[in-house]
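Text of structure01.csv, listed as CSV, C-alpha atoms:
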```csv
chain,number,residue,atom,x,y,z
I,243,LEU,CA,215.7,-93.7,242.8
I,244,ASN,CA,218.8,-95.1,240.9
I,245,ALA,CA,221.0,-93.9,243.8
I,246,LEU,CA,218.8,-95.8,246.3
I,247,ASN,CA,219.8,-99.1,244.5
I,248,VAL,CA,216.6,-100.8,245.6
I,249,GLU,CA,216.4,-104.5,245.6
I,250,ALA,CA,213.6,-106.7,246.9
I,251,THR,CA,211.5,-109.8,246.3
I,252,ALA,CA,207.9,-108.8,245.7
I,253,LEU,CA,205.0,-111.2,246.2
I,254,ASN,CA,201.2,-110.9,245.7
I,255,VAL,CA,201.7,-107.8,243.5
I,256,HIS,CA,198.6,-105.9,242.5
I,257,GLY,CA,198.5,-102.6,240.6
I,258,PHE,CA,196.4,-100.3,238.4
I,259,LEU,CA,197.0,-97.9,235.6
I,260,ARG,CA,194.4,-95.2,234.9
I,261,LEU,CA,194.1,-93.9,231.3
I,262,PRO,CA,194.4,-91.3,229.9
I,263,SER,CA,195.9,-89.7,233.0
I,264,LEU,CA,198.5,-92.5,233.4
I,265,GLU,CA,197.9,-92.5,237.2
I,266,ALA,CA,199.3,-95.7,238.7
I,267,GLY,CA,199.4,-97.5,242.0
I,268,TYR,CA,200.6,-100.7,243.4
I,269,ILE,CA,200.6,-102.9,246.5
I,270,ALA,CA,202.8,-105.9,247.3
I,271,THR,CA,204.4,-108.0,250.0
I,272,VAL,CA,208.1,-107.4,249.9
I,273,GLN,CA,210.9,-109.5,251.4
I,274,ASP,CA,214.7,-109.2,251.5
I,275,VAL,CA,214.5,-105.4,251.0
I,276,SER,CA,217.9,-103.8,250.3
I,277,LEU,CA,218.2,-100.1,250.2
I,278,ASP,CA,221.2,-97.8,250.0
I,279,GLY,CA,220.9,-94.7,252.2
I,280,TYR,CA,220.8,-91.6,250.0
I,281,ASN,CA,219.5,-88.0,250.5
I,282,GLY,CA,218.0,-88.9,253.9
I,283,ALA,CA,216.6,-92.3,253.0
I,284,PRO,CA,217.7,-95.1,255.4
I,285,TRP,CA,220.2,-97.9,254.6
I,286,ILE,CA,218.4,-101.2,255.0
I,287,ARG,CA,219.4,-104.8,254.6
I,288,GLY,CA,216.9,-107.6,255.2
I,289,GLY,CA,213.7,-105.5,255.5
I,290,SER,CA,210.2,-106.9,254.8
I,291,GLY,CA,206.7,-105.7,255.0
I,292,GLU,CA,203.8,-104.4,252.9
I,293,LEU,CA,204.6,-101.9,250.2
I,294,LEU,CA,201.9,-99.5,248.9
I,295,GLY,CA,202.5,-96.7,246.3
I,296,ALA,CA,200.8,-94.3,244.0
I,297,ASN,CA,202.4,-91.8,241.7
I,298,GLN,CA,205.1,-89.9,243.7
I,299,THR,CA,204.2,-91.4,247.1
I,300,LEU,CA,204.9,-94.7,248.7
I,301,GLN,CA,204.5,-96.4,252.1
I,302,LEU,CA,206.3,-99.4,253.6
I,303,GLN,CA,204.7,-101.1,256.6
I,304,LEU,CA,207.8,-102.7,258.2
I,305,ASN,CA,207.6,-106.0,260.0
I,306,ALA,CA,211.0,-107.6,259.8
I,307,ASP,CA,213.3,-109.8,261.8
I,308,ASP,CA,217.2,-109.7,261.7
I,309,VAL,CA,217.3,-106.4,259.8
I,310,GLY,CA,220.2,-104.0,259.4
I,311,VAL,CA,219.4,-100.3,259.5
I,312,GLN,CA,221.3,-97.0,259.3
I,313,PHE,CA,220.4,-93.4,258.7
I,314,PRO,CA,223.7,-92.2,257.4
I,315,ASP,CA,222.8,-88.5,257.4
I,316,MET,CA,221.9,-88.7,261.2
I,317,PHE,CA,223.8,-91.6,262.8
I,318,THR,CA,227.3,-93.1,262.4
I,319,GLU,CA,226.4,-96.6,263.4
I,320,ARG,CA,224.6,-99.4,261.6
I,321,TRP,CA,222.3,-101.3,263.9
I,322,GLN,CA,221.5,-105.0,263.5
I,323,MET,CA,218.1,-105.4,265.0
I,324,GLU,CA,216.4,-108.6,266.1
I,325,HIS,CA,213.1,-107.0,265.1
I,326,LEU,CA,211.8,-103.8,263.5
I,327,SER,CA,208.3,-102.6,262.9
I,328,GLY,CA,206.7,-99.4,261.9
I,329,ARG,CA,205.6,-97.3,259.0
I,330,LEU,CA,207.8,-95.4,256.5
I,331,GLN,CA,206.1,-92.9,254.2
I,332,ALA,CA,207.9,-91.0,251.4
I,333,TYR,CA,207.2,-88.3,248.8
I,334,ILE,CA,209.7,-88.3,245.9
I,335,SER,CA,209.9,-85.7,243.1
I,336,LEU,CA,212.6,-84.0,241.1
I,337,ASP,CA,212.6,-81.0,243.4
I,338,TYR,CA,211.6,-82.4,246.8
I,339,PHE,CA,212.1,-85.4,249.0
I,340,ALA,CA,210.2,-86.0,252.2
I,341,LEU,CA,210.3,-89.1,254.5
I,342,ARG,CA,208.4,-89.8,257.6
I,343,GLY,CA,208.7,-92.7,260.0
I,344,THR,CA,206.0,-93.4,262.6
I,345,HIS,CA,205.2,-96.1,265.2
I,346,LEU,CA,208.7,-97.4,264.9
I,347,LYS,CA,209.7,-100.1,267.4
I,348,ALA,CA,213.0,-102.0,267.5
I,349,ALA,CA,214.6,-104.7,269.5
I,350,LEU,CA,218.4,-104.6,269.9
I,351,GLY,CA,219.5,-107.3,272.2
I,352,SER,CA,218.0,-106.5,275.6
I,353,THR,CA,217.2,-103.0,274.6
I,354,GLN,CA,213.8,-101.9,273.3
I,355,ALA,CA,213.6,-98.7,271.4
I,356,SER,CA,210.7,-96.7,269.8
I,357,GLY,CA,210.4,-93.4,268.0
I,358,ALA,CA,209.4,-91.4,265.1
I,359,PHE,CA,211.0,-88.9,262.6
I,360,SER,CA,210.3,-86.6,259.7
I,361,LEU,CA,212.7,-85.4,257.1
I,362,SER,CA,212.3,-82.8,254.4
I,363,ARG,CA,214.9,-81.9,251.7
I,364,PRO,CA,214.2,-79.4,248.9
I,365,ARG,CA,216.5,-79.8,246.0
I,366,ASP,CA,219.6,-77.6,246.0
I,367,GLU,CA,218.5,-75.8,249.2
I,368,ARG,CA,220.9,-77.2,251.8
I,369,TYR,CA,219.9,-74.8,254.6
I,370,ARG,CA,216.2,-75.6,254.3
I,371,GLU,CA,216.7,-79.3,255.0
I,372,ARG,CA,214.9,-80.1,258.2
I,373,LEU,CA,214.7,-83.0,260.6
I,374,ALA,CA,212.4,-83.8,263.6
I,375,LEU,CA,213.4,-86.8,265.6
I,376,LEU,CA,212.1,-88.5,268.7
I,377,ILE,CA,213.7,-91.6,270.2
I,378,HIS,CA,212.9,-93.5,273.4
I,379,VAL,CA,215.1,-96.3,274.8
I,380,ASP,CA,214.0,-98.3,277.8
I,381,ASP,CA,217.4,-99.6,279.1
I,382,THR,CA,221.0,-99.5,277.8
I,383,THR,CA,224.5,-98.8,278.8
I,384,VAL,CA,226.1,-95.3,278.6
I,385,GLU,CA,228.5,-96.5,275.9
I,386,ARG,CA,225.8,-98.1,273.8
I,387,GLY,CA,223.4,-95.2,274.3
I,388,LYS,CA,225.8,-92.8,272.6
I,389,SER,CA,225.1,-94.6,269.3
I,390,TYR,CA,221.5,-93.5,269.5
I,391,ILE,CA,222.4,-89.8,269.4
I,392,PRO,CA,222.7,-88.0,266.0
I,393,TYR,CA,226.1,-86.5,265.1
I,394,GLN,CA,224.5,-83.4,263.6
I,395,LEU,CA,224.1,-81.5,266.8
I,396,PRO,CA,224.8,-77.9,267.9
I,397,GLY,CA,228.4,-77.0,268.6
I,398,GLY,CA,229.8,-78.2,272.0
I,399,LEU,CA,227.0,-80.7,272.7
I,400,PRO,CA,228.4,-83.7,270.8
I,401,GLU,CA,231.8,-83.3,272.6
I,402,TRP,CA,230.2,-83.2,276.0
I,403,LEU,CA,227.9,-86.2,275.3
I,404,GLU,CA,231.0,-88.1,274.1
I,405,GLU,CA,233.3,-87.2,276.9
I,406,GLY,CA,231.0,-86.3,279.8
I,407,PRO,CA,229.0,-89.5,280.6
I,408,ARG,CA,231.7,-92.2,280.9
I,409,ALA,CA,230.0,-95.3,282.4
I,410,GLY,CA,226.8,-96.6,283.9
I,411,ARG,CA,223.4,-97.8,283.0
I,412,LEU,CA,220.7,-95.6,281.4
I,413,SER,CA,216.9,-96.1,281.6
I,414,ASP,CA,213.9,-94.3,280.3
I,415,VAL,CA,216.0,-92.3,277.9
I,416,THR,CA,214.3,-89.8,275.6
I,417,PHE,CA,216.1,-87.9,272.8
I,418,ALA,CA,214.4,-85.2,270.7
I,419,TYR,CA,215.8,-83.0,267.9
I,420,GLN,CA,214.0,-80.4,265.8
I,421,GLY,CA,215.4,-78.0,263.2
I,422,GLN,CA,217.7,-77.6,260.3
I,423,ILE,CA,220.2,-80.4,259.4
I,424,HIS,CA,222.8,-77.8,258.3
I,425,THR,CA,223.2,-74.4,259.7
I,426,ARG,CA,225.2,-71.3,258.8
I,427,PRO,CA,227.8,-70.0,261.3
I,428,SER,CA,226.1,-68.5,264.4
I,429,GLU,CA,222.7,-69.5,263.1
I,430,LEU,CA,220.3,-70.8,265.9
I,431,ALA,CA,218.0,-73.1,264.0
I,432,ARG,CA,218.1,-76.4,266.0
I,433,ARG,CA,216.8,-77.5,269.3
I,434,VAL,CA,218.0,-80.6,271.2
I,435,ALA,CA,216.7,-82.3,274.3
I,436,LEU,CA,217.9,-85.4,276.1
I,437,SER,CA,216.9,-86.9,279.4
I,438,GLY,CA,217.1,-90.2,281.3
I,439,GLN,CA,217.9,-92.0,284.5
I,440,ILE,CA,221.4,-93.1,285.3
I,441,GLU,CA,222.6,-95.8,287.7
I,442,GLU,CA,226.1,-96.7,288.8
I,443,GLY,CA,227.3,-93.9,286.5
I,444,ARG,CA,230.5,-91.9,286.0
I,445,VAL,CA,230.2,-88.4,284.7
I,446,GLN,CA,233.0,-85.9,284.1
I,447,TYR,CA,231.4,-82.5,283.7
I,448,HIS,CA,234.7,-80.8,282.8
I,449,PRO,CA,238.3,-82.2,282.3
I,450,ASP,CA,239.8,-79.9,285.0
I,451,TRP,CA,237.3,-81.1,287.7
I,452,PRO,CA,236.9,-84.5,289.4
I,453,GLU,CA,234.3,-86.8,288.0
I,454,VAL,CA,231.1,-87.8,289.8
I,455,ARG,CA,231.1,-91.6,290.3
I,456,ASP,CA,228.7,-94.2,291.7
I,457,LEU,CA,226.1,-91.8,290.3
I,458,SER,CA,222.4,-92.5,290.5
I,459,GLY,CA,220.1,-89.7,289.4
I,460,PHE,CA,218.5,-87.9,286.5
I,461,ILE,CA,220.4,-86.3,283.6
I,462,SER,CA,218.8,-83.8,281.2
I,463,VAL,CA,220.2,-81.8,278.3
I,464,GLY,CA,218.3,-78.9,276.8
I,465,GLY,CA,220.0,-76.7,274.2
I,466,ARG,CA,223.2,-75.4,275.7
I,467,ASP,CA,222.4,-76.5,279.3
I,468,VAL,CA,223.0,-79.8,281.1
I,469,ARG,CA,221.3,-80.6,284.5
I,470,ILE,CA,222.3,-83.5,286.8
I,471,ASP,CA,220.1,-84.3,289.8
I,472,VAL,CA,222.2,-86.4,292.1
I,473,SER,CA,220.1,-89.0,294.1
I,474,ARG,CA,223.4,-90.7,295.1
I,475,GLY,CA,226.9,-90.0,294.1
I,476,LEU,CA,230.5,-89.5,295.2
I,477,SER,CA,233.3,-87.2,294.0
I,478,PHE,CA,236.9,-86.6,294.6
I,479,GLU,CA,238.2,-88.7,297.6
I,480,GLY,CA,234.8,-90.0,298.8
I,481,THR,CA,232.9,-86.7,299.1
I,482,ASP,CA,229.2,-87.6,299.2
I,483,LEU,CA,227.1,-85.4,296.8
I,484,SER,CA,223.7,-87.1,297.5
I,485,GLY,CA,220.9,-84.5,297.1
I,486,SER,CA,223.0,-82.1,295.1
I,487,HIS,CA,221.9,-80.5,291.8
I,488,ILE,CA,224.4,-79.5,289.1
I,489,HIS,CA,223.5,-77.1,286.2
I,490,LEU,CA,226.1,-76.8,283.5
I,491,ARG,CA,225.1,-73.8,281.4
I,492,ASP,CA,226.4,-72.1,278.3
I,493,ASN,CA,227.9,-75.3,276.8
I,494,ALA,CA,229.5,-76.3,280.1
I,495,SER,CA,231.3,-72.9,280.6
I,496,VAL,CA,229.7,-72.4,284.1
I,497,ALA,CA,228.6,-74.8,286.8
I,498,ASP,CA,225.7,-73.6,289.0
I,499,ILE,CA,225.6,-76.1,292.0
I,500,ASP,CA,223.0,-76.5,294.7
I,501,LEU,CA,225.3,-78.4,297.0
I,502,ALA,CA,224.5,-81.0,299.6
I,503,SER,CA,227.8,-82.6,300.5
I,504,THR,CA,229.2,-84.7,303.4
I,505,THR,CA,233.0,-84.7,303.5
I,506,THR,CA,236.0,-84.0,305.8
I,507,VAL,CA,238.0,-80.9,306.4
I,508,ALA,CA,241.1,-82.6,304.9
I,509,GLU,CA,239.2,-83.6,301.7
I,510,ALA,CA,237.8,-80.1,301.3
I,511,LEU,CA,241.2,-78.5,301.6
I,512,THR,CA,242.7,-81.0,299.1
I,513,PHE,CA,239.8,-80.4,296.7
I,514,ILE,CA,240.5,-76.7,296.7
I,515,ARG,CA,244.2,-77.1,296.1
I,516,SER,CA,243.9,-79.7,293.3
I,517,THR,CA,241.2,-78.0,291.2
I,518,PRO,CA,240.9,-74.6,289.5
I,519,LEU,CA,239.4,-73.3,292.8
I,520,LYS,CA,243.0,-72.6,293.9
I,521,GLU,CA,243.0,-69.7,291.4
I,522,TRP,CA,240.3,-67.9,293.3
I,523,MET,CA,241.0,-69.2,296.8
I,524,GLY,CA,244.7,-68.6,297.0
I,525,PHE,CA,244.3,-67.7,300.7
I,526,VAL,CA,244.0,-71.4,301.4
I,527,THR,CA,247.8,-71.9,301.8
I,528,PRO,CA,249.6,-75.3,301.7
I,529,ASP,CA,250.2,-75.2,305.5
I,530,TRP,CA,246.5,-75.3,306.3
I,531,GLN,CA,245.7,-78.6,307.9
I,532,GLY,CA,242.4,-80.1,309.1
I,533,GLU,CA,240.5,-83.2,310.1
I,534,GLY,CA,237.0,-84.2,311.0
I,535,PRO,CA,233.6,-84.5,309.3
I,536,ILE,CA,231.7,-81.5,307.9
I,537,ARG,CA,228.4,-81.1,306.1
I,538,MET,CA,228.1,-78.3,303.4
I,539,VAL,CA,224.8,-77.0,302.1
I,540,GLY,CA,224.4,-74.0,299.8
I,541,THR,CA,225.1,-72.7,296.3
I,542,LEU,CA,228.1,-72.2,294.1
I,543,SER,CA,228.6,-70.7,290.7
I,544,VAL,CA,231.9,-71.8,289.2
I,545,PRO,CA,233.4,-70.8,285.8
I,546,LEU,CA,234.7,-73.9,284.1
I,547,ARG,CA,236.3,-72.1,281.3
I,548,LYS,CA,238.1,-68.8,281.3
I,549,MET,CA,235.8,-66.2,279.8
I,550,VAL,CA,237.7,-64.2,277.1
I,551,ALA,CA,235.9,-61.3,275.4
I,552,PRO,CA,237.1,-60.3,271.9
I,553,GLN,CA,240.0,-57.8,272.1
I,554,VAL,CA,239.6,-57.6,275.8
I,555,ASP,CA,241.9,-58.9,278.5
I,556,GLU,CA,240.9,-62.0,280.4
I,557,ALA,CA,238.2,-61.4,282.9
I,558,ASP,CA,239.1,-61.3,286.6
I,559,PRO,CA,238.3,-64.8,288.0
I,560,ALA,CA,237.5,-63.3,291.4
I,561,ALA,CA,234.5,-61.5,289.8
I,562,GLU,CA,233.1,-64.7,288.5
I,563,LEU,CA,233.1,-67.2,291.4
I,564,GLU,CA,230.2,-67.2,293.7
I,565,VAL,CA,230.0,-69.3,296.9
I,566,ASP,CA,227.4,-69.1,299.6
I,567,LEU,CA,227.5,-72.1,302.0
I,568,ASP,CA,226.3,-73.2,305.4
I,569,ILE,CA,229.0,-75.5,306.9
I,570,GLU,CA,228.1,-77.7,309.7
I,571,LEU,CA,231.1,-78.6,311.8
I,572,ARG,CA,230.9,-82.1,313.5
I,573,GLY,CA,234.0,-82.1,315.6
I,574,ALA,CA,236.3,-80.6,313.1
I,575,ASP,CA,240.0,-79.5,313.6
I,576,LEU,CA,241.7,-76.7,311.6
I,577,ASP,CA,245.2,-75.4,311.9
I,578,LEU,CA,246.1,-72.1,310.3
I,579,PRO,CA,249.9,-71.6,311.0
I,580,GLY,CA,250.1,-68.5,308.9
I,581,TYR,CA,247.6,-66.8,311.2
I,582,GLY,CA,248.9,-68.5,314.3
I,583,VAL,CA,245.6,-70.1,315.0
I,584,SER,CA,244.8,-73.7,315.9
I,585,LEU,CA,241.1,-74.8,316.3
I,586,ALA,CA,239.9,-78.1,317.5
I,587,ALA,CA,236.7,-80.1,318.2
I,588,LEU,CA,234.6,-77.5,316.5
I,589,MET,CA,230.8,-78.0,316.7
I,590,GLY,CA,228.1,-75.9,315.2
I,591,THR,CA,227.3,-74.1,311.9
I,592,VAL,CA,229.2,-71.3,310.2
I,593,HIS,CA,228.1,-69.4,307.1
I,594,TYR,CA,230.7,-68.7,304.4
I,595,THR,CA,230.3,-66.2,301.5
I,596,TYR,CA,233.2,-65.9,299.0
I,597,PRO,CA,235.7,-64.5,299.4
I,598,PHE,CA,236.3,-63.6,303.0
I,599,GLN,CA,232.9,-63.4,304.9
I,600,VAL,CA,232.5,-65.9,307.7
I,601,SER,CA,229.9,-65.8,310.4
I,602,GLY,CA,228.4,-68.2,312.9
I,603,ALA,CA,226.6,-68.4,316.2
I,604,ALA,CA,226.7,-71.0,318.9
I,605,VAL,CA,229.9,-72.6,317.6
I,606,GLU,CA,231.8,-74.5,320.2
I,607,GLY,CA,235.3,-75.9,320.2
I,608,ARG,CA,238.8,-75.3,321.5
I,609,ILE,CA,241.5,-72.8,320.5
I,610,PHE,CA,245.1,-73.4,321.6
I,611,ASP,CA,243.7,-76.4,323.7
I,612,ARG,CA,241.4,-74.1,325.6
I,613,PRO,CA,237.6,-73.9,325.4
I,614,ALA,CA,236.4,-71.3,323.0
```
With the file now loaded, output its structure as structure tokens.
Amino acid sequence: LNALNVEATALNVHGFLRLPSLEAGYIATVQDVSLDGYNGAPWIRGGSGELLGANQTLQLQLNADDVGVQFPDMFTERWQMEHLSGRLQAYISLDYFALRGTHLKAALGSTQASGAFSLSRPRDERYRERLALLIHVDDTTVERGKSYIPYQLPGGLPEWLEEGPRAGRLSDVTFAYQGQIHTRPSELARRVALSGQIEEGRVQYHPDWPEVRDLSGFISVGGRDVRIDVSRGLSFEGTDLSGSHIHLRDNASVADIDLASTTTVAEALTFIRSTPLKEWMGFVTPDWQGEGPIRMVGTLSVPLRKMVAPQVDEADPAAELEVDLDIELRGADLDLPGYGVSLAALMGTVHYTYPFQVSGAAVEGRIFDRPA
């Protein structure tokens, strides 16, 4: 209690003391509550509400305006809230501390947030400290929304949440966390889930790959996986990804993509040459040229990081990439000087399976300026 450095103004104080057991209880209206965050308890400045306590338990029914709050063991930022209401309940003993917050509602500018949490901390048992947390935010920006995510998250996820979503507006955001606060190396003792709608967003799913921009859709994070359902979005030099679904698995080491893309032959060739795809598709040589619109629908599984097994040489990239696409040609041209082939005005659908399988029926066009 000394470490909490509690200060407050108490009004309408009532209490009791029962003899000979020395059981005690109290109730009061409190204002200007000041509390230093310690051992899981929040940092509070300007709190007010109804305080009720007995023996080793206490409850604070919060109802405060212009209040500063931080949970230093969970979040890095201190929030200045226009209004905060909810219930805090605590159990405090020499060997155990527990804190629960329920029916929490906060107003931060134009953002409305709600949530609940529970925290348990046995004395001198670091790896038995546990947290359950649920936060819902109605509307915020991507940059602001990052402050509502705890920094104590499984490896790899904090980095992606910091670097992946870059801009946009979020709505109907839900964040959930359950498990240990501290974990031993390789211990799987925490579960994280995050979901929300994004509008006018920019997301970079990996530094080596072009970002998705003008994104509208749904983003969800669960454990080591990230899913992006693209209602509308562009990538690279204007490639339309509307209707695509992106699944980043194993901490963004592999991207499984259900692709629905409208682009041009020129943009597709440039995309291959300027991304890690060139490592697998080296047969697309610099002299290949093309023009005209195409529509691609199908699946891809693309390694985003080189997979290196302990004491084993780097895996063969060709064994990892999977591509299975239907490509609708809408008057496309393609010149392949290395093969001595020039195709023009191609119409129809071809099926491509990585690396070299191409098939199609009823494809029309011209070869060497003659009908084919």
**OP:** Could you check which of I:Leu576, I:Ala586, I:Val565, I:Val309 is closest to I:Phe598, using all atoms listed in the file?
**Re:** I:Val565
Original post:
Suppose you want the space between atom CA of I:Glu319 and atom CA of I:Tyr390; what is it in Å?
Top reply: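 Taking atom CA of I:Glu319 and atom CA of I:Tyr390, their separation equals 8.4 Å.
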Subject >> All residues 9 Å or closer to I:Trp321, only C-alpha atoms, same chain fewer than 2 positions away omitted, as an MDAnalysis selection string >> reply: chainID I and resid 309:312 319 323 350
**OP:** List every protein, DNA or RNA residue with an atom no more than 9 Å from (238.7, -83.1, 303.2) in the file's coordinates, counting only C-alpha atoms, and format the result as JSON, numbers by chain.
**Re:** {"I": [479, 481, 505, 506, 507, 508, 509, 510, 511, 512, 513, 532, 533, 534, 535, 536]}
Original post:
With distances taken over only C-alpha atoms, which of I:Gln273, I:Ser335, I:Ser484, I:Ser458 is nearest to I:Leu300?
Top reply: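 Result for the nearest residue to I:Leu300: I:Ser335.
Of the listed residues (I:Ser263, I:Ser276, I:Ser503, I:Ser356), I:Ser356 comes nearest to I:Asp380; the distances count all atoms listed in the file.
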Original post:
To one decimal place, how far is atom CA of I:Pro545 from atom CA of I:Phe525 in Å?
Top reply: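 That distance, rounded to one decimal, is 18.7 Å.
Between atom CA of I:Asp492 and atom CA of I:Ile470 the interatomic distance comes to 14.8 Å.
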Subject >> Residue among I:Asp450, I:Asp467, I:Asp482, I:Asp366 lying closest to I:Val539, counting only C-alpha atoms >> reply: I:Asp482
Original post:
What would the list of residues within 9 Å of (226.5, -97.8, 290.0) (file frame) look like as a ChimeraX atom specification, if only C-alpha atoms are what count?
Top reply: /I:409-411,440-444,455-458,475
Original post:
Within 9 Å of I:Ala270, counting only C-alpha atoms, which residues qualify if same-chain residues fewer than 2 places away don't, as a PyMOL selection string?
Top reply: chain I and resi 252-257+268+272+291-294
Subject >> Minimum-distance residue to I:Pro449, chosen among I:His487, I:Asp568, I:Pro407, I:Ile423 (using all atoms listed in the file) >> reply: I:Pro407
Original post:
Smallest atom-to-atom distance to I:Thr353: which of I:Glu324, I:Glu606, I:Glu521, I:Glu564, using only C-alpha atoms?
Top reply: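 Under the stated criterion, the closest residue is I:Glu324.
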Original post:
What lies within 9 Å of I:Asp529 using only C-alpha atoms, ignoring chain neighbours under 5 positions off, as a PyMOL selection string?
Top reply: chain I and resi 577-580
Subject >> Contacts of I:Pro613 at 10 Å (all atoms listed in the file; same-chain gap of 4+ positions) as a PyMOL selection string >> reply: chain I and resi 585-587+606-609
Subject >> Spatial neighbours of I:Val496, 9 Å, only C-alpha atoms, chain gap at least 6 places, as JSON, numbers by chain >> reply: {"I": [489, 490, 543, 544, 545, 546, 547]}
Would you mind completing stretch 282-300 of chain I so that it carries N, CA and C atoms, and writing it out as a PDB file, in the frame of the given file?
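Below is the file that was written, result.pdb:
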```pdb
ATOM      1  N   GLY I 282     218.848 -88.757 252.713  1.00  0.00           N
ATOM      2  CA  GLY I 282     218.000 -88.900 253.900  1.00  0.00           C
ATOM      3  C   GLY I 282     217.282 -90.189 254.021  1.00  0.00           C
ATOM      4  N   ALA I 283     217.196 -90.974 252.961  1.00  0.00           N
ATOM      5  CA  ALA I 283     216.600 -92.300 253.000  1.00  0.00           C
ATOM      6  C   ALA I 283     217.486 -93.240 253.821  1.00  0.00           C
ATOM      7  N   PRO I 284     216.921 -94.210 254.553  1.00  0.00           N
ATOM      8  CA  PRO I 284     217.700 -95.100 255.400  1.00  0.00           C
ATOM      9  C   PRO I 284     218.440 -96.180 254.524  1.00  0.00           C
ATOM     10  N   TRP I 285     219.545 -96.666 255.058  1.00  0.00           N
ATOM     11  CA  TRP I 285     220.200 -97.900 254.600  1.00  0.00           C
ATOM     12  C   TRP I 285     219.544 -99.059 255.233  1.00  0.00           C
ATOM     13  N   ILE I 286     219.075-100.026 254.426  1.00  0.00           N
ATOM     14  CA  ILE I 286     218.400-101.200 255.000  1.00  0.00           C
ATOM     15  C   ILE I 286     218.864-102.448 254.310  1.00  0.00           C
ATOM     16  N   ARG I 287     219.047-103.460 255.136  1.00  0.00           N
ATOM     17  CA  ARG I 287     219.400-104.800 254.600  1.00  0.00           C
ATOM     18  C   ARG I 287     218.481-105.803 255.382  1.00  0.00           C
ATOM     19  N   GLY I 288     217.701-106.584 254.590  1.00  0.00           N
ATOM     20  CA  GLY I 288     216.900-107.600 255.200  1.00  0.00           C
ATOM     21  C   GLY I 288     215.507-107.162 255.624  1.00  0.00           C
ATOM     22  N   GLY I 289     215.025-106.033 255.096  1.00  0.00           N
ATOM     23  CA  GLY I 289     213.700-105.500 255.500  1.00  0.00           C
ATOM     24  C   GLY I 289     212.593-106.350 254.823  1.00  0.00           C
ATOM     25  N   SER I 290     211.419-106.254 255.415  1.00  0.00           N
ATOM     26  CA  SER I 290     210.200-106.900 254.800  1.00  0.00           C
ATOM     27  C   SER I 290     209.008-106.198 255.343  1.00  0.00           C
ATOM     28  N   GLY I 291     207.914-106.356 254.590  1.00  0.00           N
ATOM     29  CA  GLY I 291     206.700-105.700 255.000  1.00  0.00           C
ATOM     30  C   GLY I 291     205.723-105.596 253.823  1.00  0.00           C
ATOM     31  N   GLU I 292     204.777-104.656 253.960  1.00  0.00           N
ATOM     32  CA  GLU I 292     203.800-104.400 252.900  1.00  0.00           C
ATOM     33  C   GLU I 292     204.089-103.052 252.276  1.00  0.00           C
ATOM     34  N   LEU I 293     204.236-103.065 250.948  1.00  0.00           N
ATOM     35  CA  LEU I 293     204.600-101.900 250.200  1.00  0.00           C
ATOM     36  C   LEU I 293     203.326-101.380 249.450  1.00  0.00           C
ATOM     37  N   LEU I 294     203.065-100.085 249.568  1.00  0.00           N
ATOM     38  CA  LEU I 294     201.900 -99.500 248.900  1.00  0.00           C
ATOM     39  C   LEU I 294     202.387 -98.167 248.287  1.00  0.00           C
ATOM     40  N   GLY I 295     202.066 -97.939 247.001  1.00  0.00           N
ATOM     41  CA  GLY I 295     202.500 -96.700 246.300  1.00  0.00           C
ATOM     42  C   GLY I 295     201.567 -96.236 245.298  1.00  0.00           C
ATOM     43  N   ALA I 296     201.645 -94.950 245.033  1.00  0.00           N
ATOM     44  CA  ALA I 296     200.800 -94.300 244.000  1.00  0.00           C
ATOM     45  C   ALA I 296     201.527 -93.057 243.545  1.00  0.00           C
ATOM     46  N   ASN I 297     201.769 -92.956 242.234  1.00  0.00           N
ATOM     47  CA  ASN I 297     202.400 -91.800 241.700  1.00  0.00           C
ATOM     48  C   ASN I 297     203.721 -91.462 242.375  1.00  0.00           C
ATOM     49  N   GLN I 298     203.824 -90.337 243.106  1.00  0.00           N
ATOM     50  CA  GLN I 298     205.100 -89.900 243.700  1.00  0.00           C
ATOM     51  C   GLN I 298     205.154 -90.272 245.215  1.00  0.00           C
ATOM     52  N   THR I 299     204.234 -91.058 245.708  1.00  0.00           N
ATOM     53  CA  THR I 299     204.200 -91.400 247.100  1.00  0.00           C
ATOM     54  C   THR I 299     204.322 -92.919 247.293  1.00  0.00           C
ATOM     55  N   LEU I 300     204.895 -93.327 248.406  1.00  0.00           N
ATOM     56  CA  LEU I 300     204.900 -94.700 248.700  1.00  0.00           C
ATOM     57  C   LEU I 300     204.944 -94.901 250.254  1.00  0.00           C
TER      58      LEU I 300
END
```
